[in-house]
file work14.cif (mmCIF, N, CA and C atoms)
data_my_file
loop_
_atom_site.label_atom_id
_atom_site.label_comp_id
_atom_site.auth_asym_id
_atom_site.auth_seq_id
_atom_site.Cartn_x
_atom_site.Cartn_y
_atom_site.Cartn_z
N MET M 69 15.33 -235.04 -108.77
CA MET M 69 14.92 -235.19 -107.38
C MET M 69 14.07 -236.45 -107.25
N ASN M 70 14.23 -237.11 -106.17
CA ASN M 70 13.49 -238.34 -105.90
C ASN M 70 11.99 -238.05 -105.78
N GLU M 71 11.18 -238.78 -106.55
CA GLU M 71 9.72 -238.57 -106.56
C GLU M 71 9.10 -238.76 -105.19
N ASN M 72 9.61 -239.72 -104.41
CA ASN M 72 9.08 -239.95 -103.06
C ASN M 72 9.35 -238.76 -102.14
N LEU M 73 10.51 -238.12 -102.31
CA LEU M 73 10.82 -236.94 -101.50
C LEU M 73 9.90 -235.77 -101.85
N VAL M 74 9.62 -235.61 -103.14
CA VAL M 74 8.71 -234.55 -103.57
C VAL M 74 7.33 -234.77 -102.97
N LYS M 75 6.82 -236.00 -103.05
CA LYS M 75 5.51 -236.32 -102.46
C LYS M 75 5.51 -236.08 -100.97
N LYS M 76 6.60 -236.44 -100.30
CA LYS M 76 6.69 -236.24 -98.85
C LYS M 76 6.69 -234.75 -98.52
N ASP M 77 7.44 -233.95 -99.31
CA ASP M 77 7.47 -232.50 -99.09
C ASP M 77 6.09 -231.88 -99.28
N ILE M 78 5.37 -232.31 -100.33
CA ILE M 78 4.04 -231.78 -100.58
C ILE M 78 3.11 -232.15 -99.43
N LYS M 79 3.20 -233.40 -98.96
CA LYS M 79 2.38 -233.86 -97.84
C LYS M 79 2.69 -233.05 -96.58
N CYS M 80 3.98 -232.81 -96.32
CA CYS M 80 4.38 -232.01 -95.15
C CYS M 80 3.87 -230.58 -95.27
N ASP M 81 3.98 -229.99 -96.48
CA ASP M 81 3.48 -228.64 -96.70
C ASP M 81 1.96 -228.58 -96.51
N TYR M 82 1.27 -229.58 -97.04
CA TYR M 82 -0.18 -229.65 -96.90
C TYR M 82 -0.56 -229.73 -95.41
N ASP M 83 0.09 -230.64 -94.70
CA ASP M 83 -0.21 -230.80 -93.27
C ASP M 83 0.05 -229.50 -92.51
N MET M 84 1.14 -228.81 -92.84
CA MET M 84 1.46 -227.55 -92.16
C MET M 84 0.42 -226.47 -92.51
N ALA M 85 0.01 -226.40 -93.77
CA ALA M 85 -1.00 -225.42 -94.18
C ALA M 85 -2.33 -225.67 -93.46
N ILE M 86 -2.72 -226.94 -93.35
CA ILE M 86 -3.96 -227.30 -92.65
C ILE M 86 -3.85 -226.90 -91.18
N LYS M 87 -2.71 -227.19 -90.56
CA LYS M 87 -2.49 -226.85 -89.16
C LYS M 87 -2.61 -225.33 -88.94
N ILE M 88 -1.98 -224.57 -89.80
CA ILE M 88 -2.02 -223.11 -89.68
C ILE M 88 -3.44 -222.60 -89.90
N ALA M 89 -4.14 -223.17 -90.88
CA ALA M 89 -5.52 -222.76 -91.15
C ALA M 89 -6.42 -223.06 -89.95
N LYS M 90 -6.25 -224.24 -89.35
CA LYS M 90 -7.04 -224.59 -88.16
C LYS M 90 -6.77 -223.61 -87.03
N GLU M 91 -5.50 -223.29 -86.83
CA GLU M 91 -5.14 -222.34 -85.77
C GLU M 91 -5.75 -220.96 -86.04
N THR M 92 -5.74 -220.54 -87.30
CA THR M 92 -6.31 -219.25 -87.67
C THR M 92 -7.82 -219.26 -87.46
N PHE M 93 -8.46 -220.36 -87.86
CA PHE M 93 -9.90 -220.50 -87.66
C PHE M 93 -10.24 -220.43 -86.18
N GLU M 94 -9.51 -221.16 -85.35
CA GLU M 94 -9.80 -221.19 -83.92
C GLU M 94 -9.43 -219.88 -83.22
N LYS M 95 -8.50 -219.13 -83.79
CA LYS M 95 -8.20 -217.81 -83.24
C LYS M 95 -9.39 -216.87 -83.47
N ASN M 96 -9.99 -216.96 -84.66
CA ASN M 96 -11.15 -216.13 -84.98
C ASN M 96 -12.43 -216.66 -84.36
N HIS M 97 -12.48 -217.99 -84.16
CA HIS M 97 -13.67 -218.64 -83.62
C HIS M 97 -13.25 -219.62 -82.51
N PRO M 98 -12.98 -219.09 -81.32
CA PRO M 98 -12.53 -219.98 -80.23
C PRO M 98 -13.49 -221.14 -80.02
N LYS M 99 -12.94 -222.31 -79.74
CA LYS M 99 -13.74 -223.53 -79.59
C LYS M 99 -14.92 -223.34 -78.65
N GLU M 100 -14.69 -222.66 -77.53
CA GLU M 100 -15.76 -222.51 -76.55
C GLU M 100 -16.92 -221.63 -77.05
N LEU M 101 -16.69 -220.87 -78.13
CA LEU M 101 -17.75 -220.03 -78.69
C LEU M 101 -18.37 -220.62 -79.96
N GLN M 102 -17.79 -221.71 -80.47
CA GLN M 102 -18.33 -222.35 -81.66
C GLN M 102 -19.61 -223.12 -81.30
N PRO M 103 -20.56 -223.16 -82.24
CA PRO M 103 -21.73 -224.01 -81.99
C PRO M 103 -21.27 -225.45 -81.73
N LYS M 104 -21.91 -226.13 -80.81
CA LYS M 104 -21.51 -227.50 -80.41
C LYS M 104 -21.56 -228.48 -81.58
N TRP M 105 -22.47 -228.28 -82.52
CA TRP M 105 -22.66 -229.19 -83.64
C TRP M 105 -21.62 -229.02 -84.74
N LEU M 106 -20.93 -227.88 -84.77
CA LEU M 106 -20.09 -227.52 -85.91
C LEU M 106 -19.02 -228.55 -86.23
N GLU M 107 -18.29 -228.99 -85.23
CA GLU M 107 -17.19 -229.93 -85.47
C GLU M 107 -17.68 -231.23 -86.12
N LYS M 108 -18.92 -231.63 -85.81
CA LYS M 108 -19.48 -232.86 -86.36
C LYS M 108 -19.84 -232.72 -87.84
N CYS M 109 -19.95 -231.50 -88.32
CA CYS M 109 -20.43 -231.27 -89.68
C CYS M 109 -19.39 -230.66 -90.62
N MET M 110 -18.31 -230.15 -90.10
CA MET M 110 -17.38 -229.43 -90.97
C MET M 110 -16.25 -230.32 -91.47
N SER M 111 -15.73 -229.92 -92.63
CA SER M 111 -14.57 -230.57 -93.23
C SER M 111 -13.55 -229.49 -93.55
N ILE M 112 -12.29 -229.89 -93.61
CA ILE M 112 -11.24 -228.94 -93.96
C ILE M 112 -10.36 -229.60 -95.01
N ASP M 113 -10.03 -228.81 -96.04
CA ASP M 113 -9.22 -229.32 -97.14
C ASP M 113 -8.53 -228.14 -97.80
N GLY M 114 -7.50 -228.44 -98.55
CA GLY M 114 -6.79 -227.36 -99.22
C GLY M 114 -6.06 -227.82 -100.46
N ASN M 115 -5.68 -226.84 -101.26
CA ASN M 115 -4.85 -227.11 -102.43
C ASN M 115 -4.04 -225.86 -102.76
N ARG M 116 -3.06 -226.04 -103.61
CA ARG M 116 -2.19 -224.92 -103.98
C ARG M 116 -2.88 -224.04 -105.01
N ASP M 117 -2.59 -222.74 -104.93
CA ASP M 117 -3.12 -221.81 -105.92
C ASP M 117 -2.03 -221.46 -106.93
N GLU M 118 -2.35 -220.52 -107.83
CA GLU M 118 -1.40 -220.14 -108.89
C GLU M 118 -0.13 -219.49 -108.35
N ASN M 119 -0.15 -218.99 -107.12
CA ASN M 119 1.03 -218.37 -106.50
C ASN M 119 1.83 -219.36 -105.66
N ASN M 120 1.45 -220.64 -105.72
CA ASN M 120 2.08 -221.71 -104.96
C ASN M 120 1.82 -221.58 -103.46
N ASN M 121 0.77 -220.82 -103.11
CA ASN M 121 0.32 -220.75 -101.72
C ASN M 121 -0.79 -221.78 -101.55
N TRP M 122 -1.14 -222.05 -100.31
CA TRP M 122 -2.21 -223.00 -100.03
C TRP M 122 -3.51 -222.25 -99.79
N GLN M 123 -4.57 -222.68 -100.43
CA GLN M 123 -5.92 -222.18 -100.18
C GLN M 123 -6.60 -223.27 -99.36
N VAL M 124 -6.89 -222.97 -98.11
CA VAL M 124 -7.49 -223.96 -97.21
C VAL M 124 -8.90 -223.50 -96.88
N LYS M 125 -9.87 -224.44 -97.03
CA LYS M 125 -11.29 -224.11 -96.81
C LYS M 125 -11.87 -224.99 -95.72
N VAL M 126 -12.69 -224.37 -94.89
CA VAL M 126 -13.54 -225.09 -93.94
C VAL M 126 -14.93 -225.06 -94.56
N THR M 127 -15.51 -226.26 -94.76
CA THR M 127 -16.76 -226.34 -95.48
C THR M 127 -17.81 -227.15 -94.73
N LEU M 128 -19.05 -226.93 -95.12
CA LEU M 128 -20.19 -227.69 -94.63
C LEU M 128 -20.94 -228.25 -95.83
N LEU M 129 -21.47 -229.46 -95.70
CA LEU M 129 -22.24 -230.07 -96.77
C LEU M 129 -23.72 -230.01 -96.43
N PRO M 130 -24.51 -229.30 -97.25
CA PRO M 130 -25.94 -229.22 -96.97
C PRO M 130 -26.66 -230.53 -97.27
N LYS M 131 -27.72 -230.79 -96.53
CA LYS M 131 -28.53 -231.99 -96.75
C LYS M 131 -29.29 -231.90 -98.06
N THR M 132 -29.78 -230.71 -98.41
CA THR M 132 -30.60 -230.53 -99.59
C THR M 132 -29.74 -230.07 -100.75
N ILE M 133 -29.78 -230.85 -101.84
CA ILE M 133 -29.05 -230.50 -103.05
C ILE M 133 -29.96 -230.72 -104.25
N LYS M 134 -29.41 -230.62 -105.47
CA LYS M 134 -30.20 -230.76 -106.69
C LYS M 134 -30.90 -232.11 -106.77
N PRO M 135 -32.02 -232.15 -107.48
CA PRO M 135 -32.69 -233.44 -107.71
C PRO M 135 -31.72 -234.40 -108.41
N ASN M 136 -31.88 -235.67 -108.15
CA ASN M 136 -31.05 -236.76 -108.70
C ASN M 136 -29.66 -236.83 -108.08
N PHE M 137 -29.34 -235.95 -107.13
CA PHE M 137 -28.07 -236.00 -106.42
C PHE M 137 -28.35 -236.35 -104.97
N HIS M 138 -27.46 -237.09 -104.36
CA HIS M 138 -27.54 -237.31 -102.91
C HIS M 138 -26.17 -237.69 -102.37
N TRP M 139 -26.02 -237.57 -101.07
CA TRP M 139 -24.78 -237.93 -100.40
C TRP M 139 -24.85 -239.38 -99.97
N LYS M 140 -23.71 -240.08 -100.08
CA LYS M 140 -23.66 -241.48 -99.72
C LYS M 140 -22.33 -241.77 -99.02
N TRP M 141 -22.41 -242.56 -97.95
CA TRP M 141 -21.19 -242.94 -97.25
C TRP M 141 -20.57 -244.15 -97.94
N ARG M 142 -19.28 -244.08 -98.22
CA ARG M 142 -18.55 -245.20 -98.80
C ARG M 142 -17.15 -245.23 -98.19
N ASN M 143 -16.81 -246.34 -97.59
CA ASN M 143 -15.49 -246.52 -96.97
C ASN M 143 -15.16 -245.39 -96.00
N GLY M 144 -16.14 -244.94 -95.25
CA GLY M 144 -15.91 -243.92 -94.24
C GLY M 144 -15.87 -242.50 -94.77
N SER M 145 -16.09 -242.32 -96.09
CA SER M 145 -16.08 -240.98 -96.68
C SER M 145 -17.43 -240.68 -97.29
N LEU M 146 -17.78 -239.42 -97.27
CA LEU M 146 -19.02 -238.98 -97.86
C LEU M 146 -18.76 -238.62 -99.32
N ILE M 147 -19.52 -239.22 -100.24
CA ILE M 147 -19.34 -238.93 -101.66
C ILE M 147 -20.66 -238.43 -102.25
N LEU M 148 -20.54 -237.66 -103.30
CA LEU M 148 -21.71 -237.15 -104.00
C LEU M 148 -22.06 -238.13 -105.12
N VAL M 149 -23.33 -238.52 -105.19
CA VAL M 149 -23.79 -239.51 -106.16
C VAL M 149 -24.92 -238.89 -106.97
N GLU M 150 -24.90 -239.14 -108.28
CA GLU M 150 -26.01 -238.74 -109.15
C GLU M 150 -26.72 -240.01 -109.61
N VAL M 151 -28.04 -239.99 -109.57
CA VAL M 151 -28.83 -241.13 -109.99
C VAL M 151 -29.43 -240.83 -111.37
N ASP M 152 -29.16 -241.72 -112.33
CA ASP M 152 -29.74 -241.57 -113.66
C ASP M 152 -31.25 -241.73 -113.54
N SER M 153 -32.00 -240.72 -113.96
CA SER M 153 -33.46 -240.73 -113.78
C SER M 153 -34.15 -241.80 -114.62
N ILE M 154 -33.52 -242.30 -115.66
CA ILE M 154 -34.13 -243.33 -116.50
C ILE M 154 -33.78 -244.73 -116.02
N THR M 155 -32.49 -244.98 -115.79
CA THR M 155 -32.04 -246.33 -115.44
C THR M 155 -32.00 -246.58 -113.94
N GLY M 156 -31.91 -245.51 -113.15
CA GLY M 156 -31.78 -245.66 -111.70
C GLY M 156 -30.36 -245.99 -111.26
N ILE M 157 -29.42 -246.02 -112.19
CA ILE M 157 -28.02 -246.33 -111.87
C ILE M 157 -27.38 -245.13 -111.19
N GLU M 158 -26.60 -245.41 -110.12
CA GLU M 158 -25.90 -244.36 -109.39
C GLU M 158 -24.50 -244.16 -109.98
N TYR M 159 -24.13 -242.91 -110.13
CA TYR M 159 -22.80 -242.55 -110.62
C TYR M 159 -22.14 -241.63 -109.59
N ILE M 160 -20.89 -241.89 -109.29
CA ILE M 160 -20.14 -241.01 -108.39
C ILE M 160 -19.78 -239.74 -109.14
N VAL M 161 -20.08 -238.61 -108.55
CA VAL M 161 -19.77 -237.33 -109.17
C VAL M 161 -18.34 -236.97 -108.81
N ILE M 162 -17.48 -236.96 -109.82
CA ILE M 162 -16.06 -236.65 -109.60
C ILE M 162 -15.83 -235.15 -109.73
N SER M 163 -16.45 -234.56 -110.73
CA SER M 163 -16.36 -233.11 -110.91
C SER M 163 -17.65 -232.62 -111.53
N ASP M 164 -17.77 -231.32 -111.61
CA ASP M 164 -18.97 -230.69 -112.17
C ASP M 164 -20.23 -231.01 -111.38
N GLY M 165 -20.05 -231.33 -110.10
CA GLY M 165 -21.21 -231.51 -109.23
C GLY M 165 -21.82 -230.16 -108.94
N PRO M 166 -22.94 -230.15 -108.28
CA PRO M 166 -23.60 -228.87 -107.99
C PRO M 166 -22.75 -228.03 -107.05
N GLU M 167 -22.41 -226.81 -107.48
CA GLU M 167 -21.54 -225.95 -106.68
C GLU M 167 -22.15 -225.60 -105.33
N GLU M 168 -23.47 -225.49 -105.29
CA GLU M 168 -24.11 -225.14 -104.03
C GLU M 168 -24.03 -226.26 -103.01
N ALA M 169 -23.47 -227.41 -103.41
CA ALA M 169 -23.38 -228.55 -102.50
C ALA M 169 -22.38 -228.32 -101.38
N ILE M 170 -21.48 -227.38 -101.56
CA ILE M 170 -20.49 -227.14 -100.52
C ILE M 170 -20.57 -225.68 -100.09
N GLU M 171 -20.73 -225.46 -98.80
CA GLU M 171 -20.78 -224.10 -98.27
C GLU M 171 -19.46 -223.81 -97.57
N VAL M 172 -18.72 -222.84 -98.10
CA VAL M 172 -17.44 -222.43 -97.51
C VAL M 172 -17.74 -221.45 -96.39
N ILE M 173 -17.35 -221.83 -95.16
CA ILE M 173 -17.59 -220.94 -94.02
C ILE M 173 -16.32 -220.21 -93.60
N PHE M 174 -15.17 -220.71 -94.07
CA PHE M 174 -13.90 -220.08 -93.74
C PHE M 174 -12.90 -220.48 -94.81
N LYS M 175 -12.16 -219.50 -95.31
CA LYS M 175 -11.14 -219.78 -96.31
C LYS M 175 -9.94 -218.89 -96.03
N VAL M 176 -8.78 -219.50 -96.04
CA VAL M 176 -7.56 -218.75 -95.74
C VAL M 176 -6.48 -219.13 -96.75
N GLU M 177 -5.72 -218.14 -97.16
CA GLU M 177 -4.55 -218.36 -98.01
C GLU M 177 -3.34 -218.44 -97.09
N VAL M 178 -2.58 -219.51 -97.22
CA VAL M 178 -1.41 -219.72 -96.37
C VAL M 178 -0.16 -219.70 -97.24
N ASP M 179 0.72 -218.73 -96.96
CA ASP M 179 2.00 -218.62 -97.65
C ASP M 179 3.05 -219.17 -96.70
N LEU M 180 3.43 -220.43 -96.92
CA LEU M 180 4.39 -221.07 -96.02
C LEU M 180 5.77 -220.44 -96.11
N ALA M 181 6.18 -220.02 -97.31
CA ALA M 181 7.52 -219.45 -97.50
C ALA M 181 7.70 -218.16 -96.70
N MET M 182 6.64 -217.34 -96.64
CA MET M 182 6.72 -216.06 -95.93
C MET M 182 6.07 -216.11 -94.55
N SER M 183 5.51 -217.27 -94.18
CA SER M 183 4.80 -217.44 -92.91
C SER M 183 3.68 -216.41 -92.75
N LEU M 184 2.87 -216.28 -93.81
CA LEU M 184 1.77 -215.32 -93.81
C LEU M 184 0.45 -216.03 -94.04
N THR M 185 -0.62 -215.47 -93.47
CA THR M 185 -1.96 -215.95 -93.74
C THR M 185 -2.83 -214.76 -94.12
N LYS M 186 -3.78 -215.03 -95.01
CA LYS M 186 -4.74 -214.00 -95.43
C LYS M 186 -6.11 -214.65 -95.44
N ILE M 187 -7.01 -214.13 -94.62
CA ILE M 187 -8.37 -214.67 -94.55
C ILE M 187 -9.16 -214.14 -95.74
N LEU M 188 -9.73 -215.07 -96.50
CA LEU M 188 -10.49 -214.73 -97.70
C LEU M 188 -12.00 -214.80 -97.47
N VAL M 189 -12.44 -215.72 -96.62
CA VAL M 189 -13.85 -215.88 -96.28
C VAL M 189 -13.94 -216.18 -94.80
N ASP M 190 -14.88 -215.54 -94.11
CA ASP M 190 -15.09 -215.81 -92.70
C ASP M 190 -16.55 -215.52 -92.35
N ILE M 191 -17.36 -216.57 -92.30
CA ILE M 191 -18.80 -216.45 -92.04
C ILE M 191 -19.05 -216.42 -90.53
N ASP M 192 -20.00 -215.60 -90.13
CA ASP M 192 -20.43 -215.58 -88.73
C ASP M 192 -21.10 -216.91 -88.40
N LEU M 193 -20.48 -217.69 -87.54
CA LEU M 193 -20.97 -219.04 -87.23
C LEU M 193 -22.34 -219.03 -86.57
N ASN M 194 -22.69 -217.94 -85.92
CA ASN M 194 -23.99 -217.85 -85.25
C ASN M 194 -25.15 -217.72 -86.24
N THR M 195 -24.85 -217.46 -87.51
CA THR M 195 -25.91 -217.34 -88.52
C THR M 195 -26.24 -218.69 -89.16
N LEU M 196 -25.48 -219.73 -88.84
CA LEU M 196 -25.68 -221.05 -89.46
C LEU M 196 -26.77 -221.84 -88.75
N ASP M 197 -27.57 -222.54 -89.53
CA ASP M 197 -28.64 -223.39 -89.02
C ASP M 197 -28.20 -224.84 -89.10
N TRP M 198 -27.91 -225.46 -87.98
CA TRP M 198 -27.35 -226.82 -87.95
C TRP M 198 -28.24 -227.85 -88.62
N THR M 199 -29.52 -227.61 -88.72
CA THR M 199 -30.43 -228.60 -89.32
C THR M 199 -30.23 -228.75 -90.82
N LYS M 200 -29.49 -227.86 -91.44
CA LYS M 200 -29.29 -227.88 -92.88
C LYS M 200 -28.08 -228.71 -93.32
N TYR M 201 -27.29 -229.20 -92.35
CA TYR M 201 -26.01 -229.81 -92.71
C TYR M 201 -25.93 -231.28 -92.34
N ILE M 202 -25.05 -231.97 -93.04
CA ILE M 202 -24.82 -233.41 -92.84
C ILE M 202 -23.76 -233.61 -91.77
N GLU M 203 -24.02 -234.54 -90.85
CA GLU M 203 -23.03 -234.90 -89.84
C GLU M 203 -22.03 -235.90 -90.41
N LYS M 204 -20.75 -235.70 -90.05
CA LYS M 204 -19.74 -236.69 -90.42
C LYS M 204 -19.93 -237.91 -89.54
N ARG M 205 -19.53 -239.05 -90.03
CA ARG M 205 -19.61 -240.27 -89.23
C ARG M 205 -18.38 -240.46 -88.42
#

call {"tool": "encode", "arguments": {"input": "work14.cif", "output": "structure tokens"}}
result
Amino acid sequence: MNENLVKKDIKCDYDMAIKIAKETFEKNHPKELQPKWLEKCMSIDGNRDENNNWQVKVTLLPKTIKPNFHWKWRNGSLILVEVDSITGIEYIVISDGPEEAIEVIFKVEVDLAMSLTKILVDIDLNTLDWTKYIEKR
């Protein structure tokens, strides 16, 4: 199979899973009832699980994280940076960053083949304190 077609299919599946997850999120949390600040602070992303379904998460990034770590804007994206306490050199954290750095407020499993969704996490949005989160640019 052509590698470009496979990449295109994965991209189309990803886009469809994100679309379905957004619709599911908004069905549970209608826009008019969401806190006004939420859209400015949330991110949505997904990946395939062991069953070849999509796990899509809506997340918030807290302002306060572990010492020597901070968020930095680069090329329009927010990245996690660790500062070496001895040299002061900044390193981009690719993996093994602090798990508490991302708060999952909604997570859904999307089975595109069967057209099914299963909500795995759904936080009451009214319990969130907007002052704790980073705004997207």

call {"tool": "resolve_selection", "arguments": {"input": "work14.cif", "expression": "the PyMOL selection byres ((chain M and resi 82-86) around 8)", "output": "JSON, numbers by chain"}}
result
{"M": [76, 77, 78, 79, 80, 81, 87, 88, 89, 90, 91, 92, 112, 113, 114, 115, 122, 123, 124, 125, 177, 178, 179, 180]}

call {"tool": "atom_distance", "arguments": {"input": "work14.cif", "atom1": "atom CA of Lys131 of chain M", "atom2": "atom N of Ser145 of chain M"}}
result
16.2 Å

call {"tool": "closest_residue", "arguments": {"input": "work14.cif", "among": "M:Lys204, M:Trp198, M:Leu106, M:Asn121", "to": "Ser183 of chain M", "atoms": "only C-alpha atoms"}}
result
M:Asn121

call {"tool": "closest_atom_pairs", "arguments": {"input": "work14.cif", "of": "segment 110-177 of chain M", "to": "segment 187-190 of chain M", "cutoff": "8 Å", "atoms": "only N, CA and C atoms", "output": "JSON lines"}}
result
{"residue": "M:Val172", "atom": "C", "partner": "M:Val189", "partner_atom": "C", "distance": 6.7}
{"residue": "M:Ile173", "atom": "C", "partner": "M:Asp190", "partner_atom": "CA", "distance": 4.7}
{"residue": "M:Phe174", "atom": "CA", "partner": "M:Val189", "partner_atom": "C", "distance": 4.0}
{"residue": "M:Lys175", "atom": "N", "partner": "M:Val189", "partner_atom": "C", "distance": 3.8}
{"residue": "M:Val176", "atom": "CA", "partner": "M:Ile187", "partner_atom": "CA", "distance": 4.3}
{"residue": "M:Glu177", "atom": "N", "partner": "M:Ile187", "partner_atom": "N", "distance": 4.9}

call {"tool": "residues_around", "arguments": {"input": "work14.cif", "residues": "Pro130 of chain M", "least_positions_apart": "6", "cutoff": "7 Å", "atoms": "only C-alpha atoms", "output": "MDAnalysis selection string"}}
result
chainID M and resid 169:170 200:202

call {"tool": "closest_residue", "arguments": {"input": "work14.cif", "among": "M:Leu193, M:Ile162, M:Leu101, M:Val149", "to": "Asn136 of chain M", "atoms": "only N, CA and C atoms"}}
result
M:Val149

call {"tool": "select_by_dssp", "arguments": {"input": "work14.cif", "residues": "chain M", "states": "helix (DSSP H, G or I)", "output": "MDAnalysis selection string"}}
result
chainID M and resid 71:96 99:101 106:109 167:169 193:195 198:200

call {"tool": "atom_distance", "arguments": {"input": "work14.cif", "atom1": "atom C of Asn96 of chain M", "atom2": "atom C of Lys186 of chain M"}}
result
12.9 Å

call {"tool": "axis_aligned_box", "arguments": {"input": "work14.cif", "around": "segment 124-138 of chain M", "padding_each_side": "4 Å", "output": "AutoDock Vina command-line options"}}
result
--center_x -19.8 --center_y -230.3 --center_z -101.3 --size_x 33.8 --size_y 22.7 --size_z 22.8

call {"tool": "atom_distance", "arguments": {"input": "work14.cif", "atom1": "atom N of Ile154 of chain M", "atom2": "atom C of Leu129 of chain M"}}
result
24.8 Å

call {"tool": "resolve_selection", "arguments": {"input": "work14.cif", "expression": "the PyMOL selection byres (((chain M and resi 139 and name CA) around 9) and name CA)", "output": "list in words"}}
result
Lys131, Ile133, Phe137, His138, Lys140, Trp141, Leu146, Ile147, Leu148, Val149, Glu150 and Ile202 of chain M

call {"tool": "select_by_dssp", "arguments": {"input": "work14.cif", "residues": "chain M", "states": "strand (DSSP E)", "output": "MDAnalysis selection string"}}
result
chainID M and resid 110:116 122:128 137:142 145:151 158:160 171:179 184:190
